>>> print(open('target.cif').read())   # mmCIF, N, CA and C atoms
data_start
loop_
_atom_site.label_atom_id
_atom_site.label_comp_id
_atom_site.auth_asym_id
_atom_site.auth_seq_id
_atom_site.Cartn_x
_atom_site.Cartn_y
_atom_site.Cartn_z
N MET A 1 18.74 -188.21 12.64
CA MET A 1 17.53 -187.56 13.11
C MET A 1 17.77 -186.86 14.45
N ARG A 2 18.47 -187.50 15.36
CA ARG A 2 18.75 -186.88 16.64
C ARG A 2 19.65 -185.65 16.48
N ARG A 3 20.58 -185.72 15.55
CA ARG A 3 21.48 -184.60 15.34
C ARG A 3 20.71 -183.38 14.84
N ILE A 4 19.75 -183.57 13.95
CA ILE A 4 18.94 -182.46 13.45
C ILE A 4 18.15 -181.84 14.59
N GLN A 5 17.57 -182.65 15.45
CA GLN A 5 16.82 -182.14 16.59
C GLN A 5 17.73 -181.32 17.50
N ALA A 6 18.94 -181.78 17.73
CA ALA A 6 19.88 -181.05 18.58
C ALA A 6 20.23 -179.71 17.96
N VAL A 7 20.40 -179.66 16.65
CA VAL A 7 20.72 -178.41 15.97
C VAL A 7 19.56 -177.44 16.09
N ILE A 8 18.34 -177.92 15.90
CA ILE A 8 17.15 -177.06 16.01
C ILE A 8 17.05 -176.51 17.42
N THR A 9 17.26 -177.34 18.42
CA THR A 9 17.18 -176.90 19.81
C THR A 9 18.25 -175.85 20.08
N THR A 10 19.45 -176.08 19.60
CA THR A 10 20.55 -175.13 19.80
C THR A 10 20.24 -173.81 19.11
N CYS A 11 19.71 -173.84 17.90
CA CYS A 11 19.36 -172.60 17.18
C CYS A 11 18.28 -171.83 17.92
N ALA A 12 17.29 -172.53 18.42
CA ALA A 12 16.21 -171.87 19.15
C ALA A 12 16.76 -171.21 20.41
N ALA A 13 17.65 -171.89 21.11
CA ALA A 13 18.24 -171.31 22.31
C ALA A 13 19.08 -170.09 21.96
N THR A 14 19.80 -170.13 20.87
CA THR A 14 20.62 -169.01 20.43
C THR A 14 19.74 -167.82 20.07
N LEU A 15 18.63 -168.04 19.38
CA LEU A 15 17.74 -166.95 18.98
C LEU A 15 17.15 -166.25 20.20
N THR A 16 16.93 -166.97 21.27
CA THR A 16 16.40 -166.37 22.49
C THR A 16 17.31 -165.26 22.98
N PHE A 17 18.62 -165.46 22.87
CA PHE A 17 19.57 -164.46 23.34
C PHE A 17 19.72 -163.29 22.37
N LEU A 18 19.25 -163.43 21.13
CA LEU A 18 19.39 -162.37 20.14
C LEU A 18 18.27 -161.34 20.20
N VAL A 19 17.21 -161.61 20.94
CA VAL A 19 16.09 -160.67 21.05
C VAL A 19 16.53 -159.49 21.91
N PRO A 20 16.40 -158.25 21.42
CA PRO A 20 16.79 -157.09 22.22
C PRO A 20 16.01 -157.05 23.52
N ALA A 21 16.67 -156.68 24.59
CA ALA A 21 16.06 -156.67 25.92
C ALA A 21 14.79 -155.83 25.96
N GLY A 22 14.79 -154.64 25.35
CA GLY A 22 13.61 -153.79 25.36
C GLY A 22 12.43 -154.40 24.64
N LEU A 23 12.70 -155.17 23.58
CA LEU A 23 11.63 -155.81 22.82
C LEU A 23 10.97 -156.91 23.63
N ALA A 24 11.75 -157.69 24.32
CA ALA A 24 11.19 -158.77 25.14
C ALA A 24 10.34 -158.22 26.26
N ALA A 25 10.73 -157.09 26.84
CA ALA A 25 9.99 -156.52 27.96
C ALA A 25 8.70 -155.84 27.50
N ALA A 26 8.59 -155.50 26.21
CA ALA A 26 7.42 -154.77 25.71
C ALA A 26 6.17 -155.64 25.63
N ALA A 27 6.32 -156.93 25.50
CA ALA A 27 5.16 -157.82 25.40
C ALA A 27 4.49 -157.96 26.76
N PRO A 28 3.15 -157.91 26.81
CA PRO A 28 2.47 -158.05 28.10
C PRO A 28 2.60 -159.47 28.62
N ALA A 29 2.50 -159.60 29.91
CA ALA A 29 2.53 -160.93 30.51
C ALA A 29 1.29 -161.69 30.07
N ALA A 30 1.43 -162.98 29.92
CA ALA A 30 0.29 -163.81 29.56
C ALA A 30 -0.71 -163.81 30.71
N PRO A 31 -1.99 -163.93 30.41
CA PRO A 31 -2.97 -164.04 31.48
C PRO A 31 -2.62 -165.20 32.40
N ALA A 32 -3.01 -165.07 33.64
CA ALA A 32 -2.72 -166.10 34.63
C ALA A 32 -3.36 -167.44 34.26
N SER A 33 -2.82 -168.48 34.80
CA SER A 33 -3.39 -169.80 34.56
C SER A 33 -4.63 -169.99 35.42
N PRO A 34 -5.53 -170.90 35.01
CA PRO A 34 -6.75 -171.12 35.78
C PRO A 34 -6.50 -171.55 37.23
N ALA A 35 -5.30 -172.05 37.56
CA ALA A 35 -5.00 -172.47 38.92
C ALA A 35 -4.82 -171.27 39.85
N GLU A 36 -4.59 -170.08 39.28
CA GLU A 36 -4.39 -168.88 40.08
C GLU A 36 -5.72 -168.22 40.39
N GLN A 37 -5.69 -167.14 41.15
CA GLN A 37 -6.89 -166.41 41.54
C GLN A 37 -7.71 -166.01 40.32
N SER A 38 -9.01 -166.15 40.41
CA SER A 38 -9.88 -165.75 39.31
C SER A 38 -10.96 -164.80 39.83
N TYR A 39 -11.55 -164.06 38.91
CA TYR A 39 -12.56 -163.06 39.23
C TYR A 39 -13.67 -163.14 38.20
N THR A 40 -14.87 -162.75 38.60
CA THR A 40 -16.01 -162.74 37.68
C THR A 40 -16.19 -161.33 37.13
N VAL A 41 -16.29 -161.24 35.81
CA VAL A 41 -16.54 -159.95 35.15
C VAL A 41 -17.75 -160.10 34.24
N VAL A 42 -18.44 -158.96 34.03
CA VAL A 42 -19.65 -158.97 33.20
C VAL A 42 -19.58 -157.80 32.22
N PRO A 43 -19.54 -158.07 30.91
CA PRO A 43 -19.56 -156.96 29.94
C PRO A 43 -20.96 -156.37 29.83
N TYR A 44 -21.04 -155.05 29.67
CA TYR A 44 -22.35 -154.43 29.50
C TYR A 44 -22.78 -154.39 28.03
N GLU A 45 -21.88 -154.75 27.13
CA GLU A 45 -22.21 -154.95 25.72
C GLU A 45 -21.27 -156.03 25.18
N ASN A 46 -21.60 -156.57 24.01
CA ASN A 46 -20.73 -157.59 23.43
C ASN A 46 -19.33 -157.00 23.24
N VAL A 47 -18.31 -157.79 23.57
CA VAL A 47 -16.93 -157.29 23.50
C VAL A 47 -16.02 -158.37 22.92
N LYS A 48 -15.08 -157.94 22.09
CA LYS A 48 -14.15 -158.87 21.46
C LYS A 48 -12.99 -159.21 22.39
N VAL A 49 -12.55 -160.46 22.32
CA VAL A 49 -11.35 -160.90 23.02
C VAL A 49 -10.24 -160.92 21.98
N ARG A 50 -9.12 -160.29 22.31
CA ARG A 50 -7.98 -160.19 21.40
C ARG A 50 -6.79 -160.93 21.98
N LYS A 51 -5.89 -161.35 21.11
CA LYS A 51 -4.70 -162.08 21.55
C LYS A 51 -3.81 -161.22 22.44
N LEU A 52 -3.67 -159.94 22.12
CA LEU A 52 -2.87 -158.98 22.88
C LEU A 52 -3.75 -157.80 23.27
N PRO A 53 -3.34 -156.98 24.23
CA PRO A 53 -4.18 -155.85 24.66
C PRO A 53 -4.15 -154.65 23.71
N THR A 54 -4.61 -154.88 22.50
CA THR A 54 -4.73 -153.84 21.48
C THR A 54 -5.85 -154.22 20.53
N LYS A 55 -6.59 -153.24 20.04
CA LYS A 55 -7.73 -153.53 19.16
C LYS A 55 -7.31 -154.08 17.81
N ASP A 56 -6.04 -153.92 17.44
CA ASP A 56 -5.55 -154.42 16.16
C ASP A 56 -4.98 -155.84 16.26
N SER A 57 -4.96 -156.39 17.45
CA SER A 57 -4.44 -157.75 17.66
C SER A 57 -5.45 -158.78 17.13
N ALA A 58 -4.99 -159.98 16.95
CA ALA A 58 -5.84 -161.05 16.41
C ALA A 58 -7.10 -161.26 17.24
N TYR A 59 -8.23 -161.35 16.55
CA TYR A 59 -9.53 -161.61 17.17
C TYR A 59 -9.61 -163.08 17.58
N LEU A 60 -10.07 -163.34 18.81
CA LEU A 60 -10.21 -164.72 19.29
C LEU A 60 -11.65 -165.14 19.52
N ALA A 61 -12.46 -164.24 20.09
CA ALA A 61 -13.85 -164.60 20.43
C ALA A 61 -14.62 -163.33 20.77
N THR A 62 -15.93 -163.49 20.98
CA THR A 62 -16.77 -162.39 21.44
C THR A 62 -17.46 -162.81 22.73
N LEU A 63 -17.40 -161.95 23.75
CA LEU A 63 -18.10 -162.18 25.00
C LEU A 63 -19.46 -161.51 24.89
N THR A 64 -20.50 -162.18 25.36
CA THR A 64 -21.87 -161.70 25.25
C THR A 64 -22.24 -160.78 26.41
N ALA A 65 -22.88 -159.67 26.09
CA ALA A 65 -23.32 -158.71 27.10
C ALA A 65 -24.20 -159.39 28.15
N GLY A 66 -23.95 -159.04 29.43
CA GLY A 66 -24.77 -159.54 30.52
C GLY A 66 -24.38 -160.91 31.05
N GLN A 67 -23.50 -161.62 30.36
CA GLN A 67 -23.05 -162.94 30.81
C GLN A 67 -21.84 -162.78 31.73
N SER A 68 -21.65 -163.72 32.64
CA SER A 68 -20.50 -163.70 33.54
C SER A 68 -19.35 -164.48 32.93
N TYR A 69 -18.13 -163.96 33.09
CA TYR A 69 -16.92 -164.61 32.56
C TYR A 69 -15.83 -164.60 33.62
N THR A 70 -14.95 -165.56 33.54
CA THR A 70 -13.84 -165.67 34.47
C THR A 70 -12.63 -164.93 33.92
N ALA A 71 -12.15 -163.97 34.69
CA ALA A 71 -10.95 -163.20 34.34
C ALA A 71 -9.87 -163.51 35.37
N TYR A 72 -8.62 -163.29 34.98
CA TYR A 72 -7.51 -163.63 35.86
C TYR A 72 -6.64 -162.44 36.25
N CYS A 73 -6.64 -161.39 35.43
CA CYS A 73 -5.76 -160.26 35.72
C CYS A 73 -6.12 -159.08 34.83
N TRP A 74 -5.42 -157.98 35.03
CA TRP A 74 -5.55 -156.81 34.16
C TRP A 74 -4.15 -156.31 33.81
N THR A 75 -4.07 -155.59 32.70
CA THR A 75 -2.80 -155.02 32.27
C THR A 75 -3.05 -153.72 31.53
N HIS A 76 -2.02 -152.92 31.39
CA HIS A 76 -2.12 -151.72 30.58
C HIS A 76 -1.91 -152.11 29.11
N GLY A 77 -2.67 -151.50 28.23
CA GLY A 77 -2.56 -151.76 26.80
C GLY A 77 -2.94 -150.52 26.02
N GLN A 78 -3.47 -150.73 24.84
CA GLN A 78 -3.89 -149.61 24.00
C GLN A 78 -5.04 -148.86 24.67
N THR A 79 -4.99 -147.54 24.61
CA THR A 79 -6.06 -146.72 25.17
C THR A 79 -7.28 -146.80 24.25
N ILE A 80 -8.43 -147.08 24.85
CA ILE A 80 -9.69 -147.21 24.12
C ILE A 80 -10.66 -146.15 24.64
N THR A 81 -11.34 -145.47 23.73
CA THR A 81 -12.39 -144.51 24.08
C THR A 81 -13.67 -144.97 23.40
N ASP A 82 -14.72 -145.14 24.20
CA ASP A 82 -16.02 -145.54 23.66
C ASP A 82 -17.10 -145.18 24.68
N HIS A 83 -18.25 -144.74 24.19
CA HIS A 83 -19.39 -144.38 25.04
C HIS A 83 -19.01 -143.38 26.13
N GLY A 84 -18.08 -142.47 25.85
CA GLY A 84 -17.68 -141.45 26.80
C GLY A 84 -16.66 -141.91 27.83
N TYR A 85 -16.19 -143.13 27.75
CA TYR A 85 -15.18 -143.65 28.67
C TYR A 85 -13.85 -143.82 27.95
N THR A 86 -12.76 -143.53 28.63
CA THR A 86 -11.42 -143.73 28.08
C THR A 86 -10.61 -144.50 29.11
N ASN A 87 -9.93 -145.54 28.65
CA ASN A 87 -9.18 -146.39 29.57
C ASN A 87 -8.12 -147.16 28.79
N ASP A 88 -6.97 -147.43 29.44
CA ASP A 88 -5.95 -148.27 28.82
C ASP A 88 -5.82 -149.62 29.54
N ILE A 89 -6.80 -149.95 30.37
CA ILE A 89 -6.79 -151.21 31.11
C ILE A 89 -7.46 -152.30 30.26
N TRP A 90 -6.80 -153.45 30.20
CA TRP A 90 -7.33 -154.61 29.49
C TRP A 90 -7.45 -155.77 30.48
N ILE A 91 -8.54 -156.48 30.39
CA ILE A 91 -8.81 -157.61 31.28
C ILE A 91 -8.25 -158.88 30.66
N GLY A 92 -7.51 -159.66 31.46
CA GLY A 92 -6.88 -160.89 30.97
C GLY A 92 -7.73 -162.11 31.25
N PHE A 93 -7.97 -162.87 30.20
CA PHE A 93 -8.70 -164.14 30.29
C PHE A 93 -7.71 -165.28 30.04
N ALA A 94 -8.17 -166.49 30.00
CA ALA A 94 -7.27 -167.64 29.80
C ALA A 94 -6.50 -167.55 28.49
N ASP A 95 -7.13 -166.99 27.45
CA ASP A 95 -6.49 -166.98 26.13
C ASP A 95 -6.24 -165.60 25.55
N GLY A 96 -6.74 -164.54 26.16
CA GLY A 96 -6.58 -163.24 25.55
C GLY A 96 -7.04 -162.11 26.44
N PHE A 97 -7.30 -160.95 25.82
CA PHE A 97 -7.61 -159.72 26.54
C PHE A 97 -8.80 -159.00 25.93
N SER A 98 -9.54 -158.26 26.77
CA SER A 98 -10.62 -157.37 26.32
C SER A 98 -10.48 -156.05 27.05
N SER A 99 -10.85 -154.96 26.37
CA SER A 99 -10.76 -153.65 26.99
C SER A 99 -11.74 -153.54 28.16
N ALA A 100 -11.25 -153.00 29.28
CA ALA A 100 -12.08 -152.83 30.47
C ALA A 100 -13.19 -151.79 30.26
N VAL A 101 -13.10 -151.00 29.20
CA VAL A 101 -14.13 -150.00 28.90
C VAL A 101 -15.51 -150.66 28.79
N TYR A 102 -15.57 -151.92 28.39
CA TYR A 102 -16.84 -152.58 28.11
C TYR A 102 -17.37 -153.44 29.25
N PHE A 103 -16.78 -153.33 30.44
CA PHE A 103 -17.21 -154.16 31.56
C PHE A 103 -17.83 -153.33 32.67
N LYS A 104 -18.79 -153.94 33.37
CA LYS A 104 -19.41 -153.31 34.53
C LYS A 104 -18.37 -153.17 35.63
N GLY A 105 -18.54 -152.14 36.45
CA GLY A 105 -17.63 -151.94 37.57
C GLY A 105 -16.74 -150.74 37.37
N ASP A 106 -15.63 -150.73 38.10
CA ASP A 106 -14.71 -149.60 38.03
C ASP A 106 -13.78 -149.72 36.82
N GLN A 107 -12.71 -148.91 36.81
CA GLN A 107 -11.80 -148.90 35.65
C GLN A 107 -11.10 -150.24 35.43
N TYR A 108 -11.09 -151.12 36.45
CA TYR A 108 -10.47 -152.44 36.34
C TYR A 108 -11.52 -153.56 36.23
N ALA A 109 -12.76 -153.20 35.92
CA ALA A 109 -13.87 -154.17 35.87
C ALA A 109 -14.03 -154.87 37.21
N ASN A 110 -13.73 -154.14 38.29
CA ASN A 110 -13.80 -154.60 39.67
C ASN A 110 -12.74 -155.62 40.06
N LEU A 111 -11.72 -155.82 39.25
CA LEU A 111 -10.58 -156.64 39.67
C LEU A 111 -9.74 -155.79 40.63
N PRO A 112 -9.12 -156.40 41.63
CA PRO A 112 -8.29 -155.62 42.55
C PRO A 112 -7.03 -155.10 41.88
N ALA A 113 -6.48 -154.02 42.38
CA ALA A 113 -5.24 -153.45 41.83
C ALA A 113 -4.12 -154.47 41.86
N SER A 114 -4.15 -155.40 42.81
CA SER A 114 -3.11 -156.42 42.94
C SER A 114 -3.19 -157.50 41.87
N ALA A 115 -4.23 -157.51 41.06
CA ALA A 115 -4.42 -158.56 40.05
C ALA A 115 -3.76 -158.21 38.73
N GLN A 116 -2.73 -157.39 38.75
CA GLN A 116 -2.05 -157.01 37.52
C GLN A 116 -1.33 -158.20 36.91
N CYS A 117 -1.44 -158.37 35.57
CA CYS A 117 -0.80 -159.48 34.86
C CYS A 117 0.72 -159.35 34.95
#
>>> encode(input="target.cif", output="structure tokens")
Amino acid sequence: MRRIQAVITTCAATLTFLVPAGLAAAAPAAPASPAEQSYTVVPYENVKVRKLPTKDSAYLATLTAGQSYTAYCWTHGQTITDHGYTNDIWIGFADGFSSAVYFKGDQYANLPASAQC
């Protein structure tokens, strides 16, 4: 049993080195942990939270319009155009991302420029 575990661990470590460098860098950074700086954001309409900063990514939840939510960072992602606004900024939550197009405030939903994921 221990030998099988060692083989699995070794294979996993080997696979890490096989990922092309450009592919690994393409994935966005995970949202910050709750121990880091947090910010309050408010969507002006119901907005979906996605696993990655793209509308085709897995759906996780819906944030309700007018409610306050804790965000940790922002990142560049898929460009979204809706209600006359166009933006590629996505707001990072504990588990996923939502397009900044749907939040009150500036293009970063009032998160500071330094809060990049």
>>> resolve_selection(input="target.cif", expression="the PyMOL selection byres ((chain A and resi 42-46) around 7)", output="list in words")
Thr40, Val41, Val47, Lys48, Thr62, Leu63, Thr64, Ala65, Gly66, Gln67, Ser68, Tyr69, Tyr102, Phe103, Lys104 and Ala109 of chain A
>>> closest_residue(input="target.cif", among="A:Cys73, A:Val49, A:Gln37, A:Thr54", to="Ala115 in chain A", atoms="only N, CA and C atoms")
A:Cys73
>>> select_by_dssp(input="target.cif", residues="range 23-97 of chain A", states="strand (DSSP E or B)", output="NGL selection string")
:A and (39-41 or 43 or 47-50 or 59-63 or 69-71 or 73-82 or 85-92 or 97)
>>> residues_around(input="target.cif", residues="range 75-92 of chain A", least_positions_apart="5", cutoff="5 Å", atoms="all atoms listed in the file", output="ChimeraX atom specification")
/A:53-54,97-100,117
>>> atom_distance(input="target.cif", atom1="atom N of Leu60 in chain A", atom2="atom C of Tyr108 in chain A")
20.0 Å
>>> atom_distance(input="target.cif", atom1="atom N of Gly96 in chain A", atom2="atom N of Pro112 in chain A")
17.6 Å
